[in-house]
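Asker: Data file work24.txt (compact mmCIF, C-alpha atoms and all ligand atoms) is appended below.
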```txt
# COMPACT_ATOMS: atom_id res chain seq x y z
CA MET U 1 3.16 -59.89 110.45
CA ASP U 2 4.92 -62.68 112.24
CA ILE U 3 6.02 -64.42 109.08
CA PRO U 4 9.56 -64.84 107.68
CA LYS U 5 10.29 -62.07 105.19
CA ALA U 6 11.37 -64.65 102.61
CA HIS U 7 7.86 -66.15 102.69
CA LEU U 8 6.17 -62.77 102.24
CA VAL U 9 8.43 -61.92 99.30
CA ASP U 10 7.88 -65.35 97.76
CA MET U 11 4.10 -64.97 98.03
CA TYR U 12 4.21 -61.49 96.47
CA GLU U 13 6.45 -62.64 93.60
CA THR U 14 4.17 -65.60 92.94
CA MET U 15 1.06 -63.40 92.97
CA VAL U 16 2.68 -61.08 90.42
CA ARG U 17 3.67 -64.04 88.23
CA ILE U 18 0.15 -65.49 88.35
CA ARG U 19 -1.57 -62.17 87.59
CA ARG U 20 0.77 -61.42 84.68
CA PHE U 21 0.30 -64.92 83.28
CA GLU U 22 -3.49 -64.54 83.41
CA GLU U 23 -3.33 -61.07 81.81
CA ARG U 24 -1.16 -62.30 78.92
CA ILE U 25 -3.23 -65.43 78.35
CA ARG U 26 -6.32 -63.23 78.27
CA GLU U 27 -4.79 -60.87 75.69
CA LEU U 28 -3.65 -63.70 73.45
CA TYR U 29 -6.93 -65.57 73.87
CA PHE U 30 -8.87 -62.61 72.52
CA ALA U 31 -6.26 -61.49 69.98
CA ASP U 32 -7.87 -63.26 67.06
CA LYS U 33 -11.39 -63.96 68.36
CA LEU U 34 -12.74 -60.42 67.98
CA PRO U 35 -14.61 -58.30 66.85
CA ALA U 36 -17.24 -61.09 66.72
CA PHE U 37 -16.33 -63.49 69.56
CA ASP U 38 -15.61 -66.84 67.93
CA ILE U 39 -14.75 -69.40 70.61
CA ALA U 40 -13.35 -71.87 68.10
CA ALA U 41 -10.93 -69.39 66.50
CA GLY U 42 -7.42 -68.33 67.25
CA LEU U 43 -4.33 -69.37 69.16
CA ILE U 44 -6.36 -70.89 72.01
CA PRO U 45 -9.64 -72.38 70.75
CA GLY U 46 -12.21 -73.39 73.37
CA GLU U 47 -13.10 -72.07 76.81
CA MET U 48 -10.73 -70.18 79.09
CA HIS U 49 -11.27 -69.81 82.86
CA LEU U 50 -8.87 -67.37 84.49
CA ALA U 51 -8.19 -66.89 88.19
CA ALA U 52 -7.19 -63.22 88.50
CA GLY U 53 -8.18 -62.19 92.03
CA GLN U 54 -7.90 -65.70 93.47
CA GLU U 55 -4.10 -65.59 93.86
CA PRO U 56 -4.17 -65.55 97.70
CA VAL U 57 -5.77 -69.01 97.94
CA ALA U 58 -2.91 -70.43 95.89
CA VAL U 59 0.16 -68.62 97.23
CA GLY U 60 -0.73 -68.97 100.93
CA MET U 61 0.03 -72.70 100.97
CA ARG U 62 3.22 -72.40 98.94
CA PRO U 63 5.79 -71.88 101.73
CA HIS U 64 4.40 -74.92 103.57
CA LEU U 65 4.71 -77.35 100.65
CA HIS U 66 7.22 -80.18 100.65
CA PRO U 67 8.67 -81.90 97.59
CA GLY U 68 6.41 -84.80 96.65
CA ASP U 69 3.17 -83.26 97.96
CA ALA U 70 0.24 -83.69 95.56
CA ILE U 71 -2.28 -81.06 94.49
CA THR U 72 -5.52 -81.38 92.56
CA ALA U 73 -7.23 -78.27 91.18
CA THR U 74 -10.15 -77.36 88.95
CA HIS U 75 -11.15 -76.02 85.54
CA ARG U 76 -9.68 -72.70 86.82
CA PRO U 77 -6.23 -74.09 87.58
CA HIS U 78 -3.44 -71.71 86.55
CA HIS U 79 -2.94 -69.92 89.89
CA VAL U 80 -2.63 -73.17 91.83
CA ALA U 81 -0.35 -74.82 89.24
CA ILE U 82 1.96 -71.79 89.19
CA ALA U 83 2.03 -71.64 92.98
CA GLN U 84 3.02 -75.29 93.18
CA GLY U 85 5.85 -74.67 90.73
CA VAL U 86 4.57 -76.50 87.67
CA ASP U 87 6.96 -75.77 84.75
CA LEU U 88 5.65 -72.50 83.30
CA ASN U 89 7.01 -73.12 79.80
CA LYS U 90 5.37 -76.54 79.51
CA MET U 91 2.17 -75.20 81.05
CA ALA U 92 1.99 -72.34 78.54
CA ALA U 93 2.74 -74.76 75.71
CA GLU U 94 -0.12 -77.01 76.84
CA ILE U 95 -2.52 -74.07 76.90
CA PHE U 96 -1.55 -73.21 73.31
CA GLY U 97 -1.93 -76.88 72.27
CA ARG U 98 1.73 -77.47 71.47
CA GLU U 99 3.73 -80.72 71.38
CA THR U 100 6.09 -79.44 74.11
CA GLY U 101 3.17 -79.02 76.55
CA LEU U 102 2.61 -80.97 79.76
CA GLY U 103 0.18 -83.27 77.93
CA HIS U 104 1.79 -82.96 74.48
CA GLY U 105 -0.81 -80.33 73.61
CA LYS U 106 -3.82 -82.63 73.93
CA GLY U 107 -5.22 -81.57 77.30
CA GLY U 108 -5.53 -77.82 77.04
CA HIS U 109 -5.87 -75.34 79.86
CA MET U 110 -8.30 -77.38 82.00
CA HIS U 111 -6.23 -80.58 81.85
CA LEU U 112 -2.77 -79.80 83.11
CA PHE U 113 -0.93 -82.81 84.53
CA SER U 114 2.56 -82.83 85.95
CA VAL U 115 4.46 -85.61 87.69
CA GLU U 116 7.10 -83.37 89.33
CA PRO U 117 5.62 -81.46 91.03
CA ASN U 118 2.61 -83.74 91.44
CA PHE U 119 -0.25 -81.67 90.01
CA GLY U 120 -3.50 -82.47 88.24
CA CYS U 121 -6.73 -80.71 87.39
CA SER U 122 -9.90 -81.34 85.42
CA GLY U 123 -12.82 -79.74 83.62
CA ILE U 124 -15.13 -82.12 85.52
CA ILE U 125 -16.38 -80.30 88.60
CA GLY U 126 -15.53 -82.15 91.83
CA GLU U 127 -13.19 -84.59 90.09
CA GLY U 128 -10.09 -83.61 92.04
CA MET U 129 -11.39 -84.42 95.51
CA PRO U 130 -11.42 -88.26 95.32
CA VAL U 131 -8.13 -88.14 93.43
CA ALA U 132 -6.52 -86.19 96.29
CA VAL U 133 -7.96 -88.71 98.77
CA GLY U 134 -6.35 -91.50 96.73
CA ALA U 135 -2.99 -89.71 96.72
CA ALA U 136 -3.24 -89.18 100.49
CA MET U 137 -4.08 -92.86 100.98
CA ALA U 138 -0.95 -93.82 99.02
CA PHE U 139 1.23 -91.40 101.02
CA LYS U 140 -0.07 -92.84 104.28
CA ALA U 141 0.40 -96.45 103.17
CA ARG U 142 3.93 -95.75 101.98
CA GLY U 143 4.82 -93.54 104.96
CA THR U 144 6.29 -90.83 102.74
CA GLY U 145 5.33 -87.92 105.02
CA ASN U 146 3.69 -86.20 102.08
CA ILE U 147 0.24 -84.63 102.02
CA ALA U 148 -2.37 -83.90 99.35
CA LEU U 149 -4.24 -80.64 98.79
CA SER U 150 -7.53 -80.53 96.94
CA TYR U 151 -8.80 -77.21 95.56
CA PHE U 152 -12.41 -76.82 94.43
CA GLY U 153 -15.05 -74.12 94.00
CA GLU U 154 -18.04 -73.50 96.26
CA GLY U 155 -20.23 -74.80 93.41
CA ALA U 156 -18.33 -78.10 93.41
CA ALA U 157 -18.92 -78.42 97.17
CA ASN U 158 -22.49 -79.46 96.37
CA GLN U 159 -21.32 -82.49 94.40
CA GLY U 160 -21.57 -85.95 95.94
CA ALA U 161 -17.80 -86.34 95.50
CA PHE U 162 -17.27 -83.63 98.15
CA HIS U 163 -19.18 -85.55 100.83
CA GLU U 164 -17.78 -88.96 99.89
CA SER U 165 -14.23 -87.62 99.90
CA LEU U 166 -14.54 -85.88 103.26
CA ASN U 167 -16.14 -88.92 104.82
CA LEU U 168 -13.45 -91.40 103.72
CA ALA U 169 -10.59 -89.01 104.42
CA ALA U 170 -11.92 -88.42 107.95
CA LEU U 171 -12.65 -92.11 108.59
CA TRP U 172 -9.16 -93.17 107.49
CA LYS U 173 -7.43 -90.06 108.96
CA LEU U 174 -5.75 -89.32 105.66
CA PRO U 175 -3.19 -86.53 105.15
CA VAL U 176 -5.28 -84.27 102.93
CA VAL U 177 -6.48 -80.67 103.10
CA PHE U 178 -9.66 -79.68 101.25
CA ILE U 179 -9.67 -76.04 100.14
CA CYS U 180 -12.89 -74.45 98.95
CA GLU U 181 -12.33 -71.32 96.85
CA ASP U 182 -15.57 -69.46 97.51
CA ASN U 183 -15.79 -66.79 94.81
CA ALA U 184 -19.56 -66.51 95.47
CA TYR U 185 -20.68 -67.59 91.97
CA ALA U 186 -20.78 -70.90 90.12
CA ILE U 187 -20.92 -69.58 86.56
CA SER U 188 -23.92 -67.21 87.04
CA VAL U 189 -25.45 -68.91 90.10
CA PRO U 190 -24.93 -67.05 93.40
CA LYS U 191 -24.00 -69.28 96.31
CA ALA U 192 -27.18 -68.38 98.23
CA SER U 193 -29.24 -69.95 95.40
CA SER U 194 -27.44 -73.28 95.57
CA THR U 195 -26.18 -73.80 99.11
CA ALA U 196 -28.26 -74.05 102.29
CA ILE U 197 -25.65 -72.52 104.61
CA PRO U 198 -23.32 -69.52 104.10
CA ASP U 199 -20.02 -71.25 104.93
CA ASN U 200 -18.92 -74.64 103.67
CA SER U 201 -16.36 -74.81 106.48
CA ASP U 202 -19.33 -75.54 108.82
CA ARG U 203 -19.86 -78.81 106.95
CA ALA U 204 -16.61 -80.16 108.42
CA SER U 205 -18.31 -80.93 111.74
CA ALA U 206 -20.49 -83.51 109.95
CA TYR U 207 -17.30 -85.50 109.38
CA GLY U 208 -15.64 -84.80 112.72
CA ILE U 209 -12.77 -82.79 111.23
CA PRO U 210 -11.71 -79.15 111.71
CA GLY U 211 -13.40 -76.61 109.46
CA VAL U 212 -11.83 -73.16 109.17
CA LEU U 213 -13.21 -70.10 107.45
CA VAL U 214 -10.83 -67.53 105.99
CA PRO U 215 -13.06 -64.48 105.50
CA GLU U 216 -10.42 -62.30 103.84
CA ASN U 217 -8.93 -62.74 100.37
CA ASP U 218 -5.51 -62.22 101.89
CA PRO U 219 -2.35 -64.30 101.41
CA VAL U 220 -1.23 -63.82 105.01
CA ALA U 221 -4.51 -65.12 106.45
CA VAL U 222 -4.38 -68.07 104.03
CA TYR U 223 -0.73 -68.71 104.94
CA GLU U 224 -1.58 -69.03 108.61
CA VAL U 225 -4.63 -71.25 108.23
CA MET U 226 -3.05 -73.45 105.58
CA GLY U 227 0.12 -73.80 107.63
CA ALA U 228 -1.85 -75.22 110.57
CA ALA U 229 -3.95 -77.55 108.40
CA MET U 230 -0.94 -78.81 106.43
CA ASP U 231 1.06 -79.43 109.64
CA ARG U 232 -1.87 -81.31 111.12
CA ALA U 233 -2.14 -83.54 108.04
CA ARG U 234 1.62 -84.11 107.99
CA ARG U 235 1.61 -85.07 111.70
CA GLY U 236 -0.91 -87.83 110.94
CA ASP U 237 -3.85 -86.09 112.66
CA GLY U 238 -6.04 -86.23 109.56
CA PRO U 239 -7.82 -83.92 107.13
CA SER U 240 -9.19 -80.37 107.43
CA LEU U 241 -11.66 -78.36 105.41
CA ILE U 242 -10.79 -74.73 104.68
CA GLU U 243 -13.11 -72.25 102.99
CA ILE U 244 -11.57 -69.03 101.67
CA LYS U 245 -13.75 -66.12 100.58
CA THR U 246 -12.09 -64.95 97.40
CA ASP U 247 -12.88 -62.88 94.30
CA ARG U 248 -13.01 -63.86 90.64
CA LEU U 249 -12.17 -60.47 89.13
CA TRP U 250 -13.13 -61.43 85.57
CA GLY U 251 -15.99 -63.43 84.04
CA HIS U 252 -16.59 -67.14 84.66
CA PHE U 253 -14.97 -67.74 81.29
CA GLU U 254 -13.38 -65.24 78.93
CA GLY U 255 -16.16 -63.86 76.75
CA ASP U 256 -18.70 -64.08 79.60
CA ALA U 257 -20.85 -60.92 79.57
CA ASP U 258 -20.87 -61.13 83.39
CA ALA U 259 -24.30 -59.42 83.55
CA TYR U 260 -25.33 -61.45 86.62
CA ARG U 261 -23.01 -59.39 88.85
CA SER U 262 -24.02 -55.77 89.43
CA ASP U 263 -21.74 -52.86 88.58
CA GLU U 264 -21.59 -52.03 92.28
CA PHE U 265 -20.49 -55.58 93.15
CA LYS U 266 -17.77 -55.45 90.50
CA GLU U 267 -16.57 -51.99 91.58
CA ASP U 268 -16.29 -53.08 95.22
CA MET U 269 -14.47 -56.22 94.15
CA ASN U 270 -11.97 -54.32 92.02
CA ASP U 271 -11.38 -51.85 94.85
CA ARG U 272 -10.19 -54.69 97.05
CA ASP U 273 -7.90 -56.29 94.42
CA PRO U 274 -5.69 -58.56 96.58
CA LEU U 275 -2.51 -57.91 94.60
CA VAL U 276 -2.82 -54.14 95.07
CA ALA U 277 -3.79 -54.55 98.74
CA PHE U 278 -0.89 -56.91 99.51
CA GLY U 279 1.59 -54.66 97.69
CA LYS U 280 0.44 -51.66 99.78
CA ARG U 281 0.67 -53.62 103.00
CA LEU U 282 4.21 -54.78 102.23
CA VAL U 283 5.25 -51.14 101.67
CA GLU U 284 3.54 -49.98 104.88
CA GLU U 285 5.17 -52.72 106.94
CA GLY U 286 8.60 -52.06 105.47
CA VAL U 287 8.87 -55.49 103.81
CA LEU U 288 9.18 -54.39 100.17
CA SER U 289 9.49 -50.81 98.87
CA GLU U 290 7.70 -49.65 95.73
CA ALA U 291 11.02 -49.78 93.87
CA GLU U 292 11.60 -53.37 95.00
CA GLN U 293 8.09 -54.30 93.89
CA ALA U 294 8.73 -52.70 90.50
CA ALA U 295 11.90 -54.79 90.14
CA ILE U 296 9.94 -57.94 91.03
CA LYS U 297 7.35 -57.07 88.39
CA GLU U 298 10.05 -56.64 85.76
CA LYS U 299 11.57 -60.03 86.59
CA GLU U 300 8.24 -61.89 86.76
CA TYR U 301 6.92 -60.28 83.56
CA ALA U 302 10.08 -61.47 81.78
CA THR U 303 9.54 -65.01 83.11
CA VAL U 304 5.98 -65.01 81.79
CA GLU U 305 7.06 -63.60 78.40
CA ALA U 306 9.72 -66.29 78.11
CA ALA U 307 7.15 -69.03 78.79
CA ILE U 308 4.77 -67.63 76.19
CA ALA U 309 7.58 -67.24 73.65
CA PHE U 310 8.59 -70.87 74.31
CA ALA U 311 5.00 -71.99 73.73
CA LEU U 312 4.47 -69.97 70.57
CA ALA U 313 7.76 -71.18 69.07
CA SER U 314 6.83 -74.84 69.70
CA PRO U 315 5.25 -77.05 67.03
CA TYR U 316 1.72 -78.44 67.14
CA PRO U 317 1.53 -82.22 67.68
CA ALA U 318 1.83 -84.15 64.42
CA PRO U 319 -1.50 -85.53 63.12
CA GLU U 320 -0.08 -89.07 63.20
CA ALA U 321 0.55 -88.62 66.99
CA ALA U 322 -3.19 -88.17 67.65
CA LEU U 323 -3.54 -91.54 69.39
CA ASN U 324 -0.26 -91.41 71.33
CA HIS U 325 -0.66 -90.95 75.10
CA VAL U 326 -4.37 -91.71 74.87
CA PHE U 327 -5.38 -94.33 77.40
CA ALA U 328 -9.15 -94.59 77.12
C1 LIG U 401 -19.66 -82.56 86.70
C2 LIG U 401 -19.82 -81.22 86.04
N1 LIG U 401 -21.01 -80.58 86.08
C3 LIG U 401 -21.16 -79.37 85.50
C4 LIG U 401 -20.10 -78.78 84.84
C5 LIG U 401 -20.29 -77.42 84.17
N2 LIG U 401 -19.60 -76.38 84.96
C6 LIG U 401 -18.40 -75.89 84.58
S1 LIG U 401 -17.82 -74.73 85.66
C7 LIG U 401 -19.19 -74.86 86.63
C8 LIG U 401 -19.34 -74.01 87.86
C9 LIG U 401 -18.29 -74.29 88.87
O1 LIG U 401 -18.41 -73.40 89.95
P1 LIG U 401 -17.41 -73.48 91.14
O2 LIG U 401 -17.19 -74.89 91.54
O3 LIG U 401 -17.91 -72.55 92.18
O4 LIG U 401 -16.02 -72.95 90.52
P2 LIG U 401 -15.67 -71.53 89.87
O5 LIG U 401 -16.03 -71.60 88.41
O6 LIG U 401 -16.42 -70.50 90.60
O7 LIG U 401 -14.19 -71.40 90.03
C10 LIG U 401 -20.08 -75.81 86.11
C11 LIG U 401 -21.38 -76.14 86.73
C12 LIG U 401 -18.89 -79.49 84.80
N3 LIG U 401 -17.81 -78.97 84.18
N4 LIG U 401 -18.75 -80.67 85.42
```
Output the file's structure in the form of structure tokens.
Answerer:
Amino acid sequence: MDIPKAHLVDMYETMVRIRRFEERIRELYFADKLPAFDIAAGLIPGEMHLAAGQEPVAVGMRPHLHPGDAITATHRPHHVAIAQGVDLNKMAAEIFGRETGLGHGKGGHMHLFSVEPNFGCSGIIGEGMPVAVGAAMAFKARGTGNIALSYFGEGAANQGAFHESLNLAALWKLPVVFICEDNAYAISVPKASSTAIPDNSDRASAYGIPGVLVPENDPVAVYEVMGAAMDRARRGDGPSLIEIKTDRLWGHFEGDADAYRSDEFKEDMNDRDPLVAFGKRLVEEGVLSEAEQAAIKEKEYATVEAAIAFALASPYPAPEAALNHVFA
């Protein structure tokens, strides 16, 4: 692997932090919703979309980011937000609906917004793409040298916003990279039932921009492809479209019976868990020993616990603050 060791270690640490965060959110989400699943009950009422398995798509871009770059993500946003370095304490507090959260506890897990770093996401599918185009337009006009990244699912790639965003970004040569996280299912709908071609990256040619397919759910492959696309955008050569074949290890939302995916599909998917695979590869290539990986886990688990403790110790917003920070 012709990649600086510091970048490999950083990607591994970030993958561990993301996975642990998702595991702990999952535990606490269910803690008081069972035995009969009650979506409105508990510490985190409402839906929860977790990204365990999709860590490579998020960490691969991380070493190439510059301060001031903007990212938009989706209703499944935690991995990307963590990889960009969004404050974990404030993010956890937002998920638990607390006053100390990124949005003072009013946005919840699908509506995480941060100014520094510049991150946003939305429960509206396809919403982030035009927003990233707008950010890229501002960067170009101001000559900041920054770029925008837009993450979206393969289901969202069939929205009109996808085509409109690619067209304008290509026409105006904007510094933006579109990243399709293809986890093969949009809720319960397999990609082959919604999309006429197997790879969204092929759609790039319709807009005269590069389209690159990353067939492996592997941080190193993502690192290389994202590095080239981000450099290209930063140089002023315009946008790219990347499609990464990834795996959503858990249900579409927590509580999803996930009966639309066969046992065989799920077994194969779990056998290729990217965190396990990357850990093994780092041992084999002499980058990080098992003992070093165990030490990383201990450190990252403590970071996640501290964020959750911060959130749970924080107050809920006061009822009289209900209309503060509401703009529409
Ligand atoms: C505009 C809009 N239409 C429909 C929905 C309902 N919805 C929520 S998630 C989802 C599927 C998204 O699939 P994909 O884009 O592949 O992302 P994934 O869930 O696989 O990460 C849909 C249709 C929505 N939130 N917004």
Asker: Between chain U and ligand LIG 401 (chain U), at 10 Å or less, what are the per-residue closest atom pairs and their distances in Å? Count only C-alpha atoms and all ligand atoms, order by chain and rising residue number, and return it as CSV.
Answerer:
```
residue,atom,partner,partner_atom,distance
U:His49,CA,U:LIG401,O5,7.5
U:Leu50,CA,U:LIG401,O7,8.7
U:Ala51,CA,U:LIG401,O7,7.7
U:Gln54,CA,U:LIG401,O7,9.2
U:Ala73,CA,U:LIG401,O7,9.8
U:Thr74,CA,U:LIG401,O7,7.3
U:His75,CA,U:LIG401,S1,6.8
U:Arg76,CA,U:LIG401,O7,5.7
U:Pro77,CA,U:LIG401,O7,8.8
U:Met110,CA,U:LIG401,N3,9.9
U:Ser122,CA,U:LIG401,N3,8.4
U:Gly123,CA,U:LIG401,N3,5.1
U:Ile124,CA,U:LIG401,N4,3.9
U:Ile125,CA,U:LIG401,N4,4.0
U:Gly126,CA,U:LIG401,C1,6.6
U:Glu127,CA,U:LIG401,C1,7.6
U:Tyr151,CA,U:LIG401,O2,9.6
U:Phe152,CA,U:LIG401,O2,5.9
U:Gly153,CA,U:LIG401,O2,3.4
U:Glu154,CA,U:LIG401,O3,4.2
U:Gly155,CA,U:LIG401,O3,3.5
U:Ala156,CA,U:LIG401,O2,3.9
U:Ala157,CA,U:LIG401,O2,6.9
U:Asn158,CA,U:LIG401,O2,8.5
U:Gln159,CA,U:LIG401,C1,7.9
U:Ala161,CA,U:LIG401,C1,9.8
U:Cys180,CA,U:LIG401,O2,8.6
U:Glu181,CA,U:LIG401,O7,7.1
U:Asp182,CA,U:LIG401,O3,6.6
U:Asn183,CA,U:LIG401,O6,5.6
U:Ala184,CA,U:LIG401,O6,7.0
U:Tyr185,CA,U:LIG401,O6,5.3
U:Ala186,CA,U:LIG401,O1,3.4
U:Ile187,CA,U:LIG401,C8,4.9
U:Ser188,CA,U:LIG401,C8,8.2
U:Val189,CA,U:LIG401,C8,8.3
U:Pro190,CA,U:LIG401,O3,9.0
U:Lys191,CA,U:LIG401,O3,8.1
U:Thr246,CA,U:LIG401,O6,9.8
U:Asp247,CA,U:LIG401,O6,9.2
U:Arg248,CA,U:LIG401,O6,7.5
U:Gly251,CA,U:LIG401,O5,9.3
U:His252,CA,U:LIG401,O5,5.9
U:Phe253,CA,U:LIG401,O5,8.2
```
Asker: I'd like to know which of U:Ala204, U:Ala93, U:Phe178, U:Ala233 is closest to Ile147 (chain U), using only C-alpha atoms.
Answerer: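 Among U:Ala204, U:Ala93, U:Phe178, U:Ala233, it is U:Ala233 that comes nearest to Ile147 (chain U).
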Asker: When you look at region 302-311 of chain U with a cut-off of 7 Å (counting all atoms listed in the file), what residues show up, excluding the ones that are within fewer than 2 positions of it in the same chain? I need them as a ChimeraX atom specification.
Answerer: /U:17,20-21,88-89,92-93,96,98,298-300,313-314
Asker: Can you spit out the residues from that selection as a PDB file, in the frame of the given file, using C-alpha atoms?
Answerer:
```pdb
ATOM      1  CA  ARG U  17       3.670 -64.040  88.230  1.00  0.00           C
ATOM      2  CA  ARG U  20       0.770 -61.420  84.680  1.00  0.00           C
ATOM      3  CA  PHE U  21       0.300 -64.920  83.280  1.00  0.00           C
ATOM      4  CA  LEU U  88       5.650 -72.500  83.300  1.00  0.00           C
ATOM      5  CA  ASN U  89       7.010 -73.120  79.800  1.00  0.00           C
ATOM      6  CA  ALA U  92       1.990 -72.340  78.540  1.00  0.00           C
ATOM      7  CA  ALA U  93       2.740 -74.760  75.710  1.00  0.00           C
ATOM      8  CA  PHE U  96      -1.550 -73.210  73.310  1.00  0.00           C
ATOM      9  CA  ARG U  98       1.730 -77.470  71.470  1.00  0.00           C
ATOM     10  CA  GLU U 298      10.050 -56.640  85.760  1.00  0.00           C
ATOM     11  CA  LYS U 299      11.570 -60.030  86.590  1.00  0.00           C
ATOM     12  CA  GLU U 300       8.240 -61.890  86.760  1.00  0.00           C
ATOM     13  CA  ALA U 313       7.760 -71.180  69.070  1.00  0.00           C
ATOM     14  CA  SER U 314       6.830 -74.840  69.700  1.00  0.00           C
TER      15      SER U 314
END
```
Asker: Could you give me, as a list in words, the residues within 7 Å of Gly68 (chain U), counting all atoms listed in the file and dropping anything in the same chain fewer than 6 positions from it?
Answerer: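 What passes the distance filter is Pro117, Asn118 and Asn146 of chain U.
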Asker: Show me, as a count of residues only, the residues that have an atom within 12 Å of Tyr316 (chain U) when counting only C-alpha atoms, minus same-chain residues fewer than 2 positions from it.
Answerer: 23
Asker: Report, in Å to a single decimal, how far apart CA of Lys245 (chain U) and CA of Glu216 (chain U) are.
Answerer: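 One can read the CA of Glu216 (chain U) to CA of Lys245 (chain U) distance as 6.0 Å.
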Asker: Using all atoms listed in the file, which of the listed residues (U:Val177, U:Leu288, U:Ile18, U:Ile25) sits closest to Ala83 (chain U)?
Answerer: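 Using all atoms listed in the file, Ala83 (chain U) sits closest to U:Ile18.
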Asker: Quick one, how far is CA of Lys173 (chain U) from CA of Leu112 (chain U)?
Answerer: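 CA of Lys173 (chain U) sits 28.2 Å away from CA of Leu112 (chain U).
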